[in-house]
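Peer 1: Dropping the structure in here first, questions after.
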Amino acid sequence: MDVIVIGGGIAGIATAYQLHAAGHGVCVVERHATVAQGATYGQGGALLPSALDVWFGPTFMASNRAKQCGMLVKPGFDSAARDFLRQLGTLREPEAFAAQYARLQPLIELSRRAVDEIETGLELEFEQRRGMLHLFRQTREMDEAQPALDLLKRFSVPHRVLSPEQCIAAEPSVPDTPAFAGGVLLPDERTANCPLFTKQLKQMLDDGGVQFRMNRVVAGLRLDSARAAVELIDPYDEKGRANLEVMSADAIVVAAGVETPGLIAGVKTTSSLYPMRMHTLTAPVAYEERAPHLTVVDSVKRITMTRVNQRLRIAGAGVFLSAAKADKPLDATLSRRALDLLGQGTHDWIPGAARVSAARAWDALRLLSADGLPVVGATRHPRLYVNAAHGPAGWGLACGSAKVIADLVSGATPDVPADTLAAVSIDRF
């Protein structure tokens, strides 16, 4: 089959790879001049999500104060935004959280195998680092994280619950004052450079004959029973639609991040998919002896601090706004508050490790779902598929999702349970 993949981020490139490996002809359409320029560019590094850092559950947004929850939430009077937050809040209940994470777990394991197969088969090197240390300031926060610890045990994820002294022994960059409650070490979990991985994979696809149409915007889709097509326009002429180009294929996969809902009929108005603006600081290492060798995570604020060669990448500080403001640049005050959250997290947990004053700041929108799960699989139209909304925690999840898409396009049964497929299907909305 000939398949058009919309989107040149990690989801789109991983999807193109799996489709190509399955023997399909693939063309990737991307609005930028190269791949990994949108949300993929600023990924915090965590390869796969664990029960401790998915963006839902008992410790996520447990407080509505930004300094405590690590997010800036300003939905205003937008009923859709408030409804989204209300739905996400229901997953703070331990039983609901456990049930939802159990649906996600098979996709995580499929993603782990998919990444390992790509890494081994293509001999890629993408700046990996092993070991993640989740830290908790208050005893109450560790108590609230117990459902996540139960899930780590249930799914046999190697981990150790550490006292403050053991945390400092495991990662000497963590200070002993002020006092903190303790942490959880995940020795086998990894961080890696997502944009580097994506670009290397794109080069392999180039060499393998996959087509790329860069600097092209998808203005719309044409779907019928016999064929599917995309309407392409110049990104600098979206209003005039001059030189409209129509490309047809047997199937289309939309992996366009926050642009995905607008490209798929019937989803644009749902309150269950919403953009969140995420932030990243990339700072030079200040003092070698203070730089962490593990990835350090403020588990409640969802701030991830990881070393990448001579740089430290600090990611988190989500900003949730009304729909009318979500896709507009943040005002200077709100942007400063978000970046200050990242800087403060660095100061709290790895003081002196990063030259924050020399950091390069980045922000972009990420598509989230109100039930915390990605949107992966077939749509109601037999020629249209979607791979999106993987959230900020674990960019490798897109690779397992891509394998699901390739299996579905090929008419094969994906290697995940039926209830997981149903849980990530767009039909759940």
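Going through the structure tokens in order, the chains are called A, B, and so on, while each chain numbers its residues from 1 and the ligands are numbered from 1 in the order shown.
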Please extract the residues of region 173-387 of chain A with a backbone DSSP assignment of alpha helix (DSSP H) and present them as a ChimeraX atom specification.
Peer 2: /A:194-208,260-263,323-326,332-349
Peer 1: Keeping only C-alpha atoms, write the selected residues as a compact mmCIF listing (two decimals), in the first residue's frame.
Peer 2:
```txt
# COMPACT_ATOMS: atom_id res chain seq x y z
CA CYS A 194 14.68 12.43 21.07
CA PRO A 195 15.41 14.90 18.22
CA LEU A 196 18.75 13.16 17.52
CA PHE A 197 17.00 9.77 17.37
CA THR A 198 14.34 11.19 15.06
CA LYS A 199 16.86 12.74 12.68
CA GLN A 200 18.96 9.59 12.54
CA LEU A 201 15.87 7.53 11.78
CA LYS A 202 14.90 10.00 9.06
CA GLN A 203 18.31 9.60 7.44
CA MET A 204 17.87 5.83 7.39
CA LEU A 205 14.45 6.27 5.77
CA ASP A 206 15.94 8.64 3.19
CA ASP A 207 18.47 5.99 2.28
CA GLY A 208 15.71 3.38 2.13
CA THR A 260 -4.11 16.36 14.63
CA PRO A 261 -7.63 17.16 15.91
CA GLY A 262 -8.15 19.79 13.23
CA LEU A 263 -7.28 17.31 10.49
CA ALA A 323 -8.47 27.22 23.88
CA ALA A 324 -8.53 30.78 22.57
CA LYS A 325 -5.10 31.47 24.07
CA ALA A 326 -3.45 28.03 23.86
CA ALA A 332 6.21 37.66 29.04
CA THR A 333 5.08 37.35 32.68
CA LEU A 334 3.59 33.89 32.28
CA SER A 335 6.59 32.70 30.26
CA ARG A 336 8.94 33.96 32.94
CA ARG A 337 6.96 32.16 35.65
CA ALA A 338 7.16 28.89 33.71
CA LEU A 339 10.92 29.16 33.19
CA ASP A 340 11.39 30.17 36.81
CA LEU A 341 9.73 26.89 37.84
CA LEU A 342 12.37 24.98 35.89
CA GLY A 343 15.19 27.10 37.27
CA GLN A 344 13.93 26.64 40.82
CA GLY A 345 13.67 22.88 40.36
CA THR A 346 17.30 22.81 39.24
CA HIS A 347 18.35 24.93 42.21
CA ASP A 348 16.43 22.72 44.63
CA TRP A 349 17.65 19.32 43.49
```
Peer 1: So which residues touch region 125-135 of chain A within 8 Å, counting only C-alpha atoms, skipping near sequence neighbours fewer than 3 positions away, as a ChimeraX atom specification?
Peer 2: /A:52,119,167,181-194,196-197,294-299,307-309
Peer 1: Let's see if you can do this: from backbone DSSP, list all strand (DSSP E) residues in region 172-339 of chain A, as a ChimeraX atom specification.
Peer 2: /A:182-191,211-213,217-223,228-233,245-249,251-254,273-284,295-298,303-308,311-321
Peer 1: Go through A:Leu104, A:Cys399, A:Val28, A:Ala256 one by one, measure the shortest atom-to-atom distance of each to Leu421 (chain A) using only C-alpha atoms, and give the residue with the smallest value.
Peer 2: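 Closest to Leu421 (chain A) of all the choices is A:Leu104.
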Peer 1: Would you mind telling me which residue in A:Asp407, A:Leu91, A:Gly352, A:His390 lies nearest to Ala11 (chain A) when using only C-alpha atoms?
Peer 2: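 Smallest separation from Ala11 (chain A) among the options: A:His390.
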Peer 1: Name all residues at most 7 Å from Val230 (chain A) (count only C-alpha atoms; drop same-chain ones fewer than 2 positions away) and give them as a ChimeraX atom specification.
Peer 2: /A:218,220-222,232,246-248
Peer 1: Save out the residues we just selected, N, CA and C atoms, as a CSV table (one decimal), in the first residue's frame.
Peer 2:
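And here is the file that came out, part.csv:
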```csv
chain,number,residue,atom,x,y,z
A,218,VAL,N,-0.6,20.6,5.3
A,218,VAL,CA,-1.8,19.9,4.9
A,218,VAL,C,-3.0,20.8,5.2
A,220,GLY,N,-6.1,20.1,4.1
A,220,GLY,CA,-7.3,19.3,4.3
A,220,GLY,C,-7.1,17.9,3.8
A,221,LEU,N,-8.0,17.0,4.1
A,221,LEU,CA,-8.0,15.6,3.7
A,221,LEU,C,-9.2,15.4,2.7
A,222,ARG,N,-9.0,14.5,1.8
A,222,ARG,CA,-10.1,14.0,0.9
A,222,ARG,C,-10.2,12.5,1.1
A,232,LEU,N,-2.1,19.9,-0.2
A,232,LEU,CA,-0.9,20.5,0.3
A,232,LEU,C,-0.7,21.9,-0.2
A,246,VAL,N,-2.5,18.2,-4.7
A,246,VAL,CA,-3.3,17.0,-4.2
A,246,VAL,C,-2.4,15.8,-4.3
A,247,MET,N,-2.2,15.1,-3.2
A,247,MET,CA,-1.5,13.8,-3.2
A,247,MET,C,-2.4,12.7,-2.8
A,248,SER,N,-2.5,11.6,-3.5
A,248,SER,CA,-3.4,10.5,-3.1
A,248,SER,C,-2.6,9.3,-2.6
```
Peer 1: Fewer than 3 positions away in the same chain doesn't count, so skip those; otherwise give me all residues within 8 Å of Val29 (chain A), counting only C-alpha atoms, as a PyMOL selection string.
Peer 2: chain A and resi 4-8+212-214+216-218
